[in-house]
file model_39.pdb (PDB, C-alpha atoms and all ligand atoms)
MODEL        1
ATOM      1  CA  MET K   1       0.000   0.000   0.000  1.00  0.00           C
ATOM      2  CA  MET K   2       1.176   3.510  -0.756  1.00  0.00           C
ATOM      3  CA  LEU K   3       2.539   5.610   2.100  1.00  0.00           C
ATOM      4  CA  SER K   4       2.043   9.352   2.201  1.00  0.00           C
ATOM      5  CA  MET K   5       4.681  11.408   3.941  1.00  0.00           C
ATOM      6  CA  ALA K   6       4.419  15.005   5.189  1.00  0.00           C
ATOM      7  CA  LEU K   7       7.813  16.734   5.084  1.00  0.00           C
ATOM      8  CA  THR K   8       8.537  19.994   6.871  1.00  0.00           C
ATOM      9  CA  LYS K   9       9.585  22.622   4.377  1.00  0.00           C
ATOM     10  CA  GLY K  10      12.308  25.152   5.061  1.00  0.00           C
ATOM     11  CA  ARG K  11      15.318  24.478   7.267  1.00  0.00           C
ATOM     12  CA  LEU K  12      14.749  20.724   7.598  1.00  0.00           C
ATOM     13  CA  GLU K  13      13.851  20.131   3.975  1.00  0.00           C
ATOM     14  CA  LYS K  14      17.294  19.677   2.458  1.00  0.00           C
ATOM     15  CA  ASN K  15      18.545  17.265   5.101  1.00  0.00           C
ATOM     16  CA  THR K  16      15.343  15.241   4.967  1.00  0.00           C
ATOM     17  CA  VAL K  17      15.534  14.872   1.194  1.00  0.00           C
ATOM     18  CA  ALA K  18      19.228  13.929   1.501  1.00  0.00           C
ATOM     19  CA  MET K  19      18.251  11.168   3.936  1.00  0.00           C
ATOM     20  CA  LEU K  20      15.574   9.834   1.592  1.00  0.00           C
ATOM     21  CA  ASP K  21      18.186   9.888  -1.184  1.00  0.00           C
ATOM     22  CA  GLU K  22      20.535   7.852   0.982  1.00  0.00           C
ATOM     23  CA  CYS K  23      17.719   5.332   1.421  1.00  0.00           C
ATOM     24  CA  GLY K  24      17.789   4.913  -2.365  1.00  0.00           C
ATOM     25  CA  TYR K  25      14.384   6.552  -2.842  1.00  0.00           C
ATOM     26  CA  GLY K  26      13.409   8.491  -5.987  1.00  0.00           C
ATOM     27  CA  THR K  27      13.313  12.072  -4.761  1.00  0.00           C
ATOM     28  CA  GLU K  28      14.001  13.917  -8.060  1.00  0.00           C
ATOM     29  CA  ALA K  29      10.630  15.679  -7.963  1.00  0.00           C
ATOM     30  CA  LEU K  30      11.374  17.011  -4.465  1.00  0.00           C
ATOM     31  CA  LYS K  31      14.637  18.476  -5.673  1.00  0.00           C
ATOM     32  CA  ASN K  32      13.215  20.217  -8.755  1.00  0.00           C
ATOM     33  CA  LYS K  33       9.988  21.251  -7.205  1.00  0.00           C
ATOM     34  CA  GLY K  34       9.046  24.675  -8.519  1.00  0.00           C
ATOM     35  CA  ARG K  35       5.835  25.662  -6.733  1.00  0.00           C
ATOM     36  CA  ALA K  36       4.371  22.144  -6.564  1.00  0.00           C
ATOM     37  CA  LEU K  37       3.440  20.793  -3.127  1.00  0.00           C
ATOM     38  CA  VAL K  38       2.761  17.108  -3.811  1.00  0.00           C
ATOM     39  CA  PHE K  39       5.449  14.801  -5.184  1.00  0.00           C
ATOM     40  CA  LYS K  40       5.530  11.148  -6.235  1.00  0.00           C
ATOM     41  CA  ASP K  41       8.548   9.024  -5.473  1.00  0.00           C
ATOM     42  CA  THR K  42       9.938   7.596  -8.710  1.00  0.00           C
ATOM     43  CA  LYS K  43      11.195   4.369  -7.117  1.00  0.00           C
ATOM     44  CA  LYS K  44       8.956   3.619  -4.144  1.00  0.00           C
ATOM     45  CA  ASP K  45       5.246   3.567  -3.507  1.00  0.00           C
ATOM     46  CA  LEU K  46       5.526   6.852  -1.635  1.00  0.00           C
ATOM     47  CA  GLU K  47       3.975  10.285  -1.991  1.00  0.00           C
ATOM     48  CA  TYR K  48       5.390  13.395  -0.342  1.00  0.00           C
ATOM     49  CA  PHE K  49       3.715  16.648   0.763  1.00  0.00           C
ATOM     50  CA  LEU K  50       5.706  19.727   1.745  1.00  0.00           C
ATOM     51  CA  VAL K  51       4.085  21.605   4.621  1.00  0.00           C
ATOM     52  CA  LYS K  52       4.834  23.933   7.519  1.00  0.00           C
ATOM     53  CA  ALA K  53       5.971  22.237  10.716  1.00  0.00           C
ATOM     54  CA  ASN K  54       2.713  22.646  12.676  1.00  0.00           C
ATOM     55  CA  ASP K  55       0.706  21.433   9.694  1.00  0.00           C
ATOM     56  CA  CYS K  56       2.887  18.323   9.480  1.00  0.00           C
ATOM     57  CA  ILE K  57       1.489  17.226  12.852  1.00  0.00           C
ATOM     58  CA  THR K  58      -2.062  18.132  11.786  1.00  0.00           C
ATOM     59  CA  TYR K  59      -1.870  16.082   8.557  1.00  0.00           C
ATOM     60  CA  VAL K  60      -0.433  13.091  10.398  1.00  0.00           C
ATOM     61  CA  GLU K  61      -2.957  13.305  13.245  1.00  0.00           C
ATOM     62  CA  HIS K  62      -5.798  13.313  10.713  1.00  0.00           C
ATOM     63  CA  GLY K  63      -4.295  10.414   8.762  1.00  0.00           C
ATOM     64  CA  VAL K  64      -4.014  12.400   5.522  1.00  0.00           C
ATOM     65  CA  ALA K  65      -0.301  11.742   5.812  1.00  0.00           C
ATOM     66  CA  ASP K  66       0.643   8.311   7.179  1.00  0.00           C
ATOM     67  CA  VAL K  67       3.978   9.597   8.420  1.00  0.00           C
ATOM     68  CA  GLY K  68       5.708  12.923   8.908  1.00  0.00           C
ATOM     69  CA  VAL K  69       9.140  14.431   9.488  1.00  0.00           C
ATOM     70  CA  VAL K  70       9.093  17.329  11.925  1.00  0.00           C
ATOM     71  CA  GLY K  71      11.297  18.974  14.551  1.00  0.00           C
ATOM     72  CA  LYS K  72      11.032  18.005  18.221  1.00  0.00           C
ATOM     73  CA  ASP K  73      10.517  21.732  18.950  1.00  0.00           C
ATOM     74  CA  THR K  74       7.179  21.643  17.120  1.00  0.00           C
ATOM     75  CA  LEU K  75       6.233  18.323  18.717  1.00  0.00           C
ATOM     76  CA  LEU K  76       6.908  19.654  22.219  1.00  0.00           C
ATOM     77  CA  GLU K  77       4.725  22.682  21.573  1.00  0.00           C
ATOM     78  CA  GLY K  78       1.930  21.050  19.563  1.00  0.00           C
ATOM     79  CA  GLY K  79      -0.365  17.994  19.371  1.00  0.00           C
ATOM     80  CA  LYS K  80       0.226  14.514  20.697  1.00  0.00           C
ATOM     81  CA  ASP K  81      -2.083  12.109  18.849  1.00  0.00           C
ATOM     82  CA  TYR K  82       0.603  10.253  16.898  1.00  0.00           C
ATOM     83  CA  TYR K  83       3.467   7.845  17.490  1.00  0.00           C
ATOM     84  CA  GLU K  84       6.975   9.300  17.507  1.00  0.00           C
ATOM     85  CA  LEU K  85       9.036   6.366  16.281  1.00  0.00           C
ATOM     86  CA  LEU K  86      12.475   7.545  15.184  1.00  0.00           C
ATOM     87  CA  ASP K  87      15.012  10.261  15.939  1.00  0.00           C
ATOM     88  CA  LEU K  88      16.450  11.142  12.520  1.00  0.00           C
ATOM     89  CA  GLU K  89      19.321  13.062  14.155  1.00  0.00           C
ATOM     90  CA  ILE K  90      19.168  15.861  11.609  1.00  0.00           C
ATOM     91  CA  GLY K  91      18.199  19.479  12.221  1.00  0.00           C
ATOM     92  CA  LYS K  92      20.032  19.346  15.515  1.00  0.00           C
ATOM     93  CA  CYS K  93      19.754  22.414  17.724  1.00  0.00           C
ATOM     94  CA  ARG K  94      18.502  23.203  21.222  1.00  0.00           C
ATOM     95  CA  PHE K  95      16.012  25.225  23.197  1.00  0.00           C
ATOM     96  CA  ILE K  96      17.788  27.802  25.335  1.00  0.00           C
ATOM     97  CA  VAL K  97      16.977  30.535  27.826  1.00  0.00           C
ATOM     98  CA  ALA K  98      18.824  33.751  26.976  1.00  0.00           C
ATOM     99  CA  SER K  99      18.947  37.372  28.056  1.00  0.00           C
ATOM    100  CA  LEU K 100      21.128  40.449  28.002  1.00  0.00           C
ATOM    101  CA  PRO K 101      24.183  39.734  30.204  1.00  0.00           C
ATOM    102  CA  GLN K 102      23.151  42.271  32.866  1.00  0.00           C
ATOM    103  CA  ASN K 103      19.662  40.801  33.111  1.00  0.00           C
ATOM    104  CA  ASP K 104      20.189  37.898  35.481  1.00  0.00           C
ATOM    105  CA  LEU K 105      16.745  36.270  35.189  1.00  0.00           C
ATOM    106  CA  PHE K 106      17.321  33.540  37.716  1.00  0.00           C
ATOM    107  CA  ASN K 107      18.131  35.960  40.510  1.00  0.00           C
ATOM    108  CA  LYS K 108      15.329  38.423  39.882  1.00  0.00           C
ATOM    109  CA  THR K 109      12.544  38.805  42.378  1.00  0.00           C
ATOM    110  CA  GLY K 110       8.936  39.059  41.295  1.00  0.00           C
ATOM    111  CA  GLN K 111       7.444  38.158  37.956  1.00  0.00           C
ATOM    112  CA  ILE K 112       9.675  38.061  34.900  1.00  0.00           C
ATOM    113  CA  LYS K 113       8.630  38.443  31.282  1.00  0.00           C
ATOM    114  CA  ILE K 114       9.679  35.852  28.698  1.00  0.00           C
ATOM    115  CA  GLY K 115       9.353  36.362  24.948  1.00  0.00           C
ATOM    116  CA  THR K 116       9.007  33.197  22.880  1.00  0.00           C
ATOM    117  CA  LYS K 117       7.544  31.508  19.837  1.00  0.00           C
ATOM    118  CA  TYR K 118       7.037  28.450  22.071  1.00  0.00           C
ATOM    119  CA  PRO K 119       4.750  29.438  24.998  1.00  0.00           C
ATOM    120  CA  LYS K 120       4.126  25.866  26.162  1.00  0.00           C
ATOM    121  CA  VAL K 121       7.815  24.918  26.236  1.00  0.00           C
ATOM    122  CA  ALA K 122       8.662  28.157  28.063  1.00  0.00           C
ATOM    123  CA  ARG K 123       5.796  27.833  30.560  1.00  0.00           C
ATOM    124  CA  ASP K 124       6.688  24.205  31.362  1.00  0.00           C
ATOM    125  CA  TYR K 125      10.343  25.101  31.868  1.00  0.00           C
ATOM    126  CA  PHE K 126       9.699  27.931  34.353  1.00  0.00           C
ATOM    127  CA  LEU K 127       6.884  26.054  36.080  1.00  0.00           C
ATOM    128  CA  GLN K 128       9.319  23.234  36.862  1.00  0.00           C
ATOM    129  CA  ARG K 129      11.583  25.791  38.498  1.00  0.00           C
ATOM    130  CA  GLY K 130       8.723  27.324  40.450  1.00  0.00           C
ATOM    131  CA  MET K 131       9.334  30.712  38.827  1.00  0.00           C
ATOM    132  CA  ASP K 132       6.616  33.274  38.266  1.00  0.00           C
ATOM    133  CA  VAL K 133       6.661  34.282  34.575  1.00  0.00           C
ATOM    134  CA  GLU K 134       4.519  36.129  32.132  1.00  0.00           C
ATOM    135  CA  ILE K 135       4.864  34.573  28.678  1.00  0.00           C
ATOM    136  CA  ILE K 136       4.723  36.943  25.721  1.00  0.00           C
ATOM    137  CA  LYS K 137       4.106  35.183  22.399  1.00  0.00           C
ATOM    138  CA  ILE K 138       6.371  36.421  19.600  1.00  0.00           C
ATOM    139  CA  ASP K 139       6.154  35.120  16.030  1.00  0.00           C
ATOM    140  CA  GLY K 140       9.716  35.679  14.784  1.00  0.00           C
ATOM    141  CA  SER K 141      13.025  37.456  15.423  1.00  0.00           C
ATOM    142  CA  VAL K 142      12.483  36.668  19.102  1.00  0.00           C
ATOM    143  CA  GLU K 143      15.978  37.985  19.937  1.00  0.00           C
ATOM    144  CA  LEU K 144      14.723  41.504  19.329  1.00  0.00           C
ATOM    145  CA  SER K 145      12.239  41.442  22.210  1.00  0.00           C
ATOM    146  CA  PRO K 146      14.678  41.766  25.157  1.00  0.00           C
ATOM    147  CA  LEU K 147      16.719  44.365  23.244  1.00  0.00           C
ATOM    148  CA  LEU K 148      13.674  46.600  22.975  1.00  0.00           C
ATOM    149  CA  GLY K 149      12.650  45.978  26.576  1.00  0.00           C
ATOM    150  CA  LEU K 150       9.510  43.987  25.780  1.00  0.00           C
ATOM    151  CA  CYS K 151      10.725  41.186  28.027  1.00  0.00           C
ATOM    152  CA  ASP K 152      13.497  40.198  30.455  1.00  0.00           C
ATOM    153  CA  GLY K 153      14.588  37.138  28.512  1.00  0.00           C
ATOM    154  CA  ILE K 154      13.661  34.652  25.814  1.00  0.00           C
ATOM    155  CA  VAL K 155      13.154  30.940  25.260  1.00  0.00           C
ATOM    156  CA  ASP K 156      14.195  30.197  21.690  1.00  0.00           C
ATOM    157  CA  ILE K 157      15.990  27.832  19.383  1.00  0.00           C
ATOM    158  CA  MET K 158      19.754  28.106  19.074  1.00  0.00           C
ATOM    159  CA  GLU K 159      21.604  26.377  16.279  1.00  0.00           C
ATOM    160  CA  THR K 160      24.976  28.029  15.678  1.00  0.00           C
ATOM    161  CA  GLY K 161      24.515  30.760  18.322  1.00  0.00           C
ATOM    162  CA  THR K 162      25.206  33.479  15.740  1.00  0.00           C
ATOM    163  CA  THR K 163      21.869  35.265  16.142  1.00  0.00           C
ATOM    164  CA  LEU K 164      22.300  35.508  19.933  1.00  0.00           C
ATOM    165  CA  ARG K 165      25.916  36.637  19.677  1.00  0.00           C
ATOM    166  CA  GLU K 166      25.233  39.283  17.057  1.00  0.00           C
ATOM    167  CA  ASN K 167      22.508  40.724  19.250  1.00  0.00           C
ATOM    168  CA  GLY K 168      24.534  40.719  22.464  1.00  0.00           C
ATOM    169  CA  LEU K 169      22.480  38.044  24.224  1.00  0.00           C
ATOM    170  CA  VAL K 170      23.931  35.273  26.402  1.00  0.00           C
ATOM    171  CA  VAL K 171      22.714  31.724  27.045  1.00  0.00           C
ATOM    172  CA  LEU K 172      21.627  31.215  30.661  1.00  0.00           C
ATOM    173  CA  ASP K 173      20.458  27.607  30.381  1.00  0.00           C
ATOM    174  CA  THR K 174      19.631  24.812  27.959  1.00  0.00           C
ATOM    175  CA  VAL K 175      16.020  23.659  28.079  1.00  0.00           C
ATOM    176  CA  CYS K 176      16.503  20.534  25.936  1.00  0.00           C
ATOM    177  CA  PRO K 177      18.109  19.285  22.722  1.00  0.00           C
ATOM    178  CA  ILE K 178      16.086  19.240  19.494  1.00  0.00           C
ATOM    179  CA  SER K 179      16.265  17.126  16.326  1.00  0.00           C
ATOM    180  CA  ALA K 180      13.904  15.957  13.589  1.00  0.00           C
ATOM    181  CA  ARG K 181      11.629  12.993  14.346  1.00  0.00           C
ATOM    182  CA  LEU K 182       9.582  10.562  12.294  1.00  0.00           C
ATOM    183  CA  ILE K 183       5.977  10.588  13.458  1.00  0.00           C
ATOM    184  CA  VAL K 184       3.330   8.070  12.430  1.00  0.00           C
ATOM    185  CA  ASN K 185      -0.456   8.182  12.319  1.00  0.00           C
ATOM    186  CA  LYS K 186      -1.838   5.669  14.819  1.00  0.00           C
ATOM    187  CA  ALA K 187      -4.254   3.953  12.402  1.00  0.00           C
ATOM    188  CA  SER K 188      -1.624   3.844   9.634  1.00  0.00           C
ATOM    189  CA  PHE K 189       0.686   2.017  12.001  1.00  0.00           C
ATOM    190  CA  ARG K 190      -1.920  -0.744  12.257  1.00  0.00           C
ATOM    191  CA  LEU K 191      -3.130  -0.793   8.643  1.00  0.00           C
ATOM    192  CA  LYS K 192       0.198  -0.197   6.874  1.00  0.00           C
ATOM    193  CA  ARG K 193       2.451  -1.657   9.519  1.00  0.00           C
ATOM    194  CA  GLN K 194       4.884  -3.398   7.179  1.00  0.00           C
ATOM    195  CA  GLU K 195       5.293  -0.336   4.940  1.00  0.00           C
ATOM    196  CA  VAL K 196       5.923   1.875   7.969  1.00  0.00           C
ATOM    197  CA  LEU K 197       8.391  -0.605   9.468  1.00  0.00           C
ATOM    198  CA  ASP K 198      10.249  -0.847   6.149  1.00  0.00           C
ATOM    199  CA  LEU K 199      10.510   2.936   5.961  1.00  0.00           C
ATOM    200  CA  ILE K 200      11.783   3.099   9.542  1.00  0.00           C
ATOM    201  CA  ALA K 201      14.370   0.393   8.840  1.00  0.00           C
ATOM    202  CA  ASP K 202      15.604   2.285   5.764  1.00  0.00           C
ATOM    203  CA  LEU K 203      15.848   5.583   7.627  1.00  0.00           C
ATOM    204  CA  GLU K 204      17.406   3.955  10.675  1.00  0.00           C
ATOM    205  CA  SER K 205      20.228   2.514   8.587  1.00  0.00           C
ATOM    206  CA  VAL K 206      20.999   6.033   7.310  1.00  0.00           C
ATOM    207  CA  VAL K 207      20.910   7.412  10.871  1.00  0.00           C
ATOM    208  CA  MET K 208      23.469   4.761  11.854  1.00  0.00           C
ATOM    209  CA  LYS K 209      25.618   5.416   8.803  1.00  0.00           C
ATOM    210  CA  ASN K 210      25.578   9.169   9.479  1.00  0.00           C
ATOM    211  CA  ALA K 211      26.547   8.562  13.119  1.00  0.00           C
ATOM    212  CA  GLU K 212      29.564   6.524  11.982  1.00  0.00           C
ATOM    213  CA  THR K 213      30.789   9.186   9.546  1.00  0.00           C
ATOM    214  CA  ASP K 214      30.340  11.873  12.237  1.00  0.00           C
ATOM    215  CA  GLN K 215      32.799  10.091  14.560  1.00  0.00           C
TER     216      GLN K 215
HETATM  217  C1  LIG S 301      15.690  30.550  14.400  1.00  0.00           C
HETATM  218  C2  LIG S 301      15.689  30.886  15.876  1.00  0.00           C
HETATM  219  C3  LIG S 301      16.830  31.865  15.991  1.00  0.00           C
HETATM  220  C4  LIG S 301      17.809  31.370  14.952  1.00  0.00           C
HETATM  221  C5  LIG S 301      18.907  30.579  15.614  1.00  0.00           C
HETATM  222  O1  LIG S 301      14.962  31.524  13.736  1.00  0.00           O
HETATM  223  O2  LIG S 301      14.455  31.416  16.320  1.00  0.00           O
HETATM  224  O3  LIG S 301      16.402  33.167  15.689  1.00  0.00           O
HETATM  225  O4  LIG S 301      17.071  30.539  14.053  1.00  0.00           O
HETATM  226  O5  LIG S 301      19.901  30.171  14.716  1.00  0.00           O
HETATM  227  P1  LIG S 301      21.448  30.425  14.999  1.00  0.00           P
HETATM  228  O6  LIG S 301      21.748  29.994  16.428  1.00  0.00           O
HETATM  229  O7  LIG S 301      22.151  29.553  14.010  1.00  0.00           O
HETATM  230  O8  LIG S 301      21.739  31.876  14.790  1.00  0.00           O
HETATM  231  P2  LIG S 301      14.621  31.456  12.180  1.00  0.00           P
HETATM  232  O9  LIG S 301      15.803  31.815  11.370  1.00  0.00           O
HETATM  233  O10 LIG S 301      14.042  30.105  11.891  1.00  0.00           O
HETATM  234  O11 LIG S 301      13.545  32.592  11.931  1.00  0.00           O
HETATM  235  P3  LIG S 301      12.608  33.468  12.878  1.00  0.00           P
HETATM  236  O12 LIG S 301      13.482  34.410  13.631  1.00  0.00           O
HETATM  237  O13 LIG S 301      11.719  34.184  11.920  1.00  0.00           O
HETATM  238  O14 LIG S 301      11.881  32.533  13.766  1.00  0.00           O
ENDMDL
END
call {"tool": "encode", "arguments": {"input": "model_39.pdb", "output": "structure tokens"}}
result
Amino acid sequence: MMLSMALTKGRLEKNTVAMLDECGYGTEALKNKGRALVFKDTKKDLEYFLVKANDCITYVEHGVADVGVVGKDTLLEGGKDYYELLDLEIGKCRFIVASLPQNDLFNKTGQIKIGTKYPKVARDYFLQRGMDVEIIKIDGSVELSPLLGLCDGIVDIMETGTTLRENGLVVLDTVCPISARLIVNKASFRLKRQEVLDLIADLESVVMKNAETDQ
């Protein structure tokens, strides 16, 4: 039976397609895509959709996509009605707490303000520490918010650290590491079990190969 796969477009896209290539799949259409959004694999009984990260979860939860590739950041913030079956170990970065150096969040008294694109992740983090925070939802360029005095600090994704450095912010703590995961629709895992297991086995062998070349 054919498997449909929701891929997160943008930052993760290139690495995901490279992994599918390594599996020996026919990803030509994904590499010369123009403005198309649905792509047929030329070697396997697979169909790909390119979607935004949050939508990847939505399509998988509704079973429109049998499987999806999406960052752990989005999974931590969003839905939960799926199986997360494989860490693809690409798109590696981490959630951090950062602020201006003089703004020592952890030693402040009273409520602090945190700017973030990830309110749930931020709330959970400070709740665990018993800290009183007001979360301010920001949609992008989160690093700007403490510079302009909108908040005392941020919870955001750091990959190379360049954005923080160039804006004079320092890392105060790591919340957790992030990488891309394979998620699977619950019904698809019953009805297309063998296809899903074959896909996982293919991807897993690439994960292992990549880990060896990284050493
Ligand atoms: C992400 C993140 C940081 C930046 C981190 O933003 O929110 O701003 O990347 O990367 P770095 O540590 O390598 O500098 P993104 O570029 O996805 O866009 P956004 O600011 O619009 O969210």
call {"tool": "resolve_selection", "arguments": {"input": "model_39.pdb", "expression": "the PyMOL selection byres (((chain K and resi 3) around 7) and not hetatm)", "output": "ChimeraX atom specification"}}
result
/K:1-2,4-5,45-47,66
call {"tool": "residues_around", "arguments": {"input": "model_39.pdb", "residues": "Arg181 of chain K", "least_positions_apart": "2", "cutoff": "8 Å", "atoms": "only C-alpha atoms", "output": "ChimeraX atom specification"}}
result
/K:69-72,84-89,179,183
call {"tool": "write_last_selection", "arguments": {"input": "model_39.pdb", "atoms": "C-alpha atoms", "output": "CSV table (one decimal), keeping the file's coordinate frame"}}
result
chain,number,residue,atom,x,y,z
K,69,VAL,CA,9.1,14.4,9.5
K,70,VAL,CA,9.1,17.3,11.9
K,71,GLY,CA,11.3,19.0,14.6
K,72,LYS,CA,11.0,18.0,18.2
K,84,GLU,CA,7.0,9.3,17.5
K,85,LEU,CA,9.0,6.4,16.3
K,86,LEU,CA,12.5,7.5,15.2
K,87,ASP,CA,15.0,10.3,15.9
K,88,LEU,CA,16.4,11.1,12.5
K,89,GLU,CA,19.3,13.1,14.2
K,179,SER,CA,16.3,17.1,16.3
K,183,ILE,CA,6.0,10.6,13.5
call {"tool": "axis_aligned_box", "arguments": {"input": "model_39.pdb", "around": "ligand LIG 301 (chain S)", "padding_each_side": "6 Å", "output": "AutoDock Vina command-line options"}}
result
--center_x 16.9 --center_y 32.0 --center_z 13.9 --size_x 22.4 --size_y 16.9 --size_z 17.1
call {"tool": "residues_near_ligand", "arguments": {"input": "model_39.pdb", "ligand": "ligand LIG 301 (chain S)", "cutoff": "12 Å", "atoms": "only C-alpha atoms and all ligand atoms", "output": "tab-separated table (two decimals) with C-alpha atoms, in the frame of the given file"}}
result
chain	number	residue	atom	x	y	z
K	9	LYS	CA	9.59	22.62	4.38
K	10	GLY	CA	12.31	25.15	5.06
K	11	ARG	CA	15.32	24.48	7.27
K	12	LEU	CA	14.75	20.72	7.60
K	52	LYS	CA	4.83	23.93	7.52
K	53	ALA	CA	5.97	22.24	10.72
K	71	GLY	CA	11.30	18.97	14.55
K	73	ASP	CA	10.52	21.73	18.95
K	91	GLY	CA	18.20	19.48	12.22
K	92	LYS	CA	20.03	19.35	15.52
K	93	CYS	CA	19.75	22.41	17.72
K	94	ARG	CA	18.50	23.20	21.22
K	95	PHE	CA	16.01	25.22	23.20
K	96	ILE	CA	17.79	27.80	25.34
K	97	VAL	CA	16.98	30.54	27.83
K	98	ALA	CA	18.82	33.75	26.98
K	115	GLY	CA	9.35	36.36	24.95
K	116	THR	CA	9.01	33.20	22.88
K	117	LYS	CA	7.54	31.51	19.84
K	118	TYR	CA	7.04	28.45	22.07
K	137	LYS	CA	4.11	35.18	22.40
K	138	ILE	CA	6.37	36.42	19.60
K	139	ASP	CA	6.15	35.12	16.03
K	140	GLY	CA	9.72	35.68	14.78
K	141	SER	CA	13.02	37.46	15.42
K	142	VAL	CA	12.48	36.67	19.10
K	143	GLU	CA	15.98	37.98	19.94
K	144	LEU	CA	14.72	41.50	19.33
K	145	SER	CA	12.24	41.44	22.21
K	154	ILE	CA	13.66	34.65	25.81
K	155	VAL	CA	13.15	30.94	25.26
K	156	ASP	CA	14.20	30.20	21.69
K	157	ILE	CA	15.99	27.83	19.38
K	158	MET	CA	19.75	28.11	19.07
K	159	GLU	CA	21.60	26.38	16.28
K	160	THR	CA	24.98	28.03	15.68
K	161	GLY	CA	24.52	30.76	18.32
K	162	THR	CA	25.21	33.48	15.74
K	163	THR	CA	21.87	35.26	16.14
K	164	LEU	CA	22.30	35.51	19.93
K	165	ARG	CA	25.92	36.64	19.68
K	166	GLU	CA	25.23	39.28	17.06
K	167	ASN	CA	22.51	40.72	19.25
K	169	LEU	CA	22.48	38.04	24.22
K	170	VAL	CA	23.93	35.27	26.40
K	171	VAL	CA	22.71	31.72	27.04
call {"tool": "closest_residue", "arguments": {"input": "model_39.pdb", "among": "K:Asn103, K:Ala122, K:Leu20, K:Lys14", "to": "Cys176 of chain K", "atoms": "only C-alpha atoms"}}
result
K:Ala122
call {"tool": "resolve_selection", "arguments": {"input": "model_39.pdb", "expression": "the PyMOL selection byres (((chain K and resi 123) around 12) and not hetatm)", "output": "number ranges by chain"}}
result
K: 76-77, 97, 112-122, 124-137, 154-155, 175
call {"tool": "closest_residue", "arguments": {"input": "model_39.pdb", "among": "K:Leu100, K:Ile90, K:Ala211, K:Leu172", "to": "Pro146 of chain K", "atoms": "all atoms listed in the file"}}
result
K:Leu100
call {"tool": "atom_distance", "arguments": {"input": "model_39.pdb", "atom1": "atom CA of Asn32 of chain K", "atom2": "atom CA of Leu199 of chain K"}}
result
22.9 Å
call {"tool": "residues_around", "arguments": {"input": "model_39.pdb", "residues": "Gly24 of chain K", "least_positions_apart": "6", "cutoff": "12 Å", "atoms": "all atoms listed in the file", "output": "mmCIF file with C-alpha atoms, in the coordinates of the input"}}
result
data_model
loop_
_atom_site.group_PDB
_atom_site.id
_atom_site.type_symbol
_atom_site.label_atom_id
_atom_site.label_comp_id
_atom_site.auth_asym_id
_atom_site.auth_seq_id
_atom_site.Cartn_x
_atom_site.Cartn_y
_atom_site.Cartn_z
ATOM 1 C CA VAL K 17 15.534 14.872 1.194
ATOM 2 C CA ALA K 18 19.228 13.929 1.501
ATOM 3 C CA ASP K 41 8.548 9.024 -5.473
ATOM 4 C CA THR K 42 9.938 7.596 -8.710
ATOM 5 C CA LYS K 43 11.195 4.369 -7.117
ATOM 6 C CA LYS K 44 8.956 3.619 -4.144
ATOM 7 C CA LEU K 199 10.510 2.936 5.961
ATOM 8 C CA ASP K 202 15.604 2.285 5.764
ATOM 9 C CA LEU K 203 15.848 5.583 7.627
ATOM 10 C CA SER K 205 20.228 2.514 8.587
ATOM 11 C CA VAL K 206 20.999 6.033 7.310
#
call {"tool": "residues_around", "arguments": {"input": "model_39.pdb", "residues": "Thr58 of chain K", "least_positions_apart": "6", "cutoff": "10 Å", "atoms": "all atoms listed in the file", "output": "PyMOL selection string"}}
result
chain K and resi 6+52+64-65+68+78-82
call {"tool": "write_last_selection", "arguments": {"input": "model_39.pdb", "atoms": "C-alpha atoms", "output": "CSV table (one decimal), in the coordinates of the input"}}
result
chain,number,residue,atom,x,y,z
K,6,ALA,CA,4.4,15.0,5.2
K,52,LYS,CA,4.8,23.9,7.5
K,64,VAL,CA,-4.0,12.4,5.5
K,65,ALA,CA,-0.3,11.7,5.8
K,68,GLY,CA,5.7,12.9,8.9
K,78,GLY,CA,1.9,21.0,19.6
K,79,GLY,CA,-0.4,18.0,19.4
K,80,LYS,CA,0.2,14.5,20.7
K,81,ASP,CA,-2.1,12.1,18.8
K,82,TYR,CA,0.6,10.3,16.9
call {"tool": "atom_distance", "arguments": {"input": "model_39.pdb", "atom1": "atom CA of Tyr83 of chain K", "atom2": "atom CA of Val184 of chain K"}}
result
5.1 Å
call {"tool": "closest_residue", "arguments": {"input": "model_39.pdb", "among": "K:Ser99, K:Lys33, K:Leu191, K:Val67", "to": "Gly149 of chain K", "atoms": "all atoms listed in the file"}}
result
K:Ser99
call {"tool": "decode", "arguments": {"input": "model_39.pdb", "residues": "segment 50-54 of chain K", "atoms": "N, CA, C and O atoms", "output": "PDB file, in the first residue's frame"}}
result
ATOM      1  N   LEU K  50       4.862  18.770   1.025  1.00  0.00           N
ATOM      2  CA  LEU K  50       5.706  19.727   1.745  1.00  0.00           C
ATOM      3  C   LEU K  50       4.816  20.710   2.487  1.00  0.00           C
ATOM      4  O   LEU K  50       3.994  21.395   1.871  1.00  0.00           O
ATOM      5  N   VAL K  51       4.976  20.771   3.796  1.00  0.00           N
ATOM      6  CA  VAL K  51       4.085  21.605   4.621  1.00  0.00           C
ATOM      7  C   VAL K  51       4.872  22.317   5.727  1.00  0.00           C
ATOM      8  O   VAL K  51       6.016  21.967   6.010  1.00  0.00           O
ATOM      9  N   LYS K  52       4.229  23.269   6.363  1.00  0.00           N
ATOM     10  CA  LYS K  52       4.834  23.933   7.519  1.00  0.00           C
ATOM     11  C   LYS K  52       4.827  22.969   8.708  1.00  0.00           C
ATOM     12  O   LYS K  52       3.948  22.097   8.798  1.00  0.00           O
ATOM     13  N   ALA K  53       5.775  23.190   9.611  1.00  0.00           N
ATOM     14  CA  ALA K  53       5.971  22.237  10.716  1.00  0.00           C
ATOM     15  C   ALA K  53       4.682  21.897  11.481  1.00  0.00           C
ATOM     16  O   ALA K  53       4.363  20.720  11.661  1.00  0.00           O
ATOM     17  N   ASN K  54       3.944  22.916  11.908  1.00  0.00           N
ATOM     18  CA  ASN K  54       2.713  22.646  12.676  1.00  0.00           C
ATOM     19  C   ASN K  54       1.721  21.839  11.869  1.00  0.00           C
ATOM     20  O   ASN K  54       1.025  20.975  12.400  1.00  0.00           O
TER      21      ASN K  54
END
